[in-house]
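A short write-up of the structure that comes next.
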Amino acid sequence: MTATANRYTEPKRSGTRRTCPHCEKYARIATSQAQSPLSRMTWYQCTNINCGHTWVEGSMVMHSICPSACPNPNIYIPVRNKESAE
Ligand SMILES: [Zn+2]
């Protein structure tokens with residue numbers, strides 16, 4: 001399927017995809033707001049007009065996989081690679 005064929009049938013998707021927890025159709029991000037450098041709240045809208053669900057989710061940085069080359073001295077994020085998680 002080409003990008004042109006999808007243009008009018010599916011909403012434009014950003015890098016983060018989410019589906020509605022009720023109808024499992026695509027949901028779009030209405031807005032989001034940083035709560036801190038490590039956490040964010042995001043408002044979602046289901047694109048299924050027969051559902052109409054809107055909700056808020058929270059997300060936070062859990063750990064780093066590879067540490068930053070320019071770390072912020074005011075932020076601590078534990079580093080866990082695949083081996084340490086097992
Ligand atoms: Zn829905």
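Chain labels follow the order of the structure tokens: the first chain is A, the next B, and so on; residue numbering restarts at 1 in every chain, and ligands are counted from 1 in their shown order.
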
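Residues in contact range of stretch 44-49 of chain A, defined as at most 8 Å between only C-alpha atoms, with sequence neighbours fewer than 4 positions away removed, read Thr19, Cys20, Cys23, Lys25, Tyr26, Ala27, Arg28, Ile29, Ala30, Thr31, His53, Thr54, Trp55, Val56 and Glu57 of chain A.
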
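Nearest-residue note for ligand 1: choosing from A:Pro37, A:Pro71, A:Gly58, A:Gly52, the minimum distance belongs to A:Gly52, counting only C-alpha atoms and all ligand atoms.
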
Among the residues A:Cys70, A:Ile75, A:Met60, A:Cys51, the one that comes closest to ligand 1 [using only C-alpha atoms and all ligand atoms]: A:Cys51

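The interatomic distance for the pair atom CA of A:Asn74 and atom CA of A:Ser36 works out to 11.9 Å.
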
Excluding A:Pro78 and its own-chain neighbours fewer than 5 positions away, which residues fall within 9 Å of it when counting only C-alpha atoms? Please give them as an NGL selection string. :A and (62-65 or 67)

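Nearest to ligand 1 of all the residues A:Arg40, A:Lys82, A:Arg17, A:His22 is A:His22, counting only C-alpha atoms and all ligand atoms.
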
Smallest atom-to-atom distance to A:Val61: which of A:Leu38, A:Ser32, A:Arg80, A:Arg18, using only C-alpha atoms?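 Using only C-alpha atoms, the shortest distance to A:Val61 belongs to A:Leu38.
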
Two-atom distance - atom CA of A:Ser39, atom CA of A:Ser59 (Å): 5.6 Å
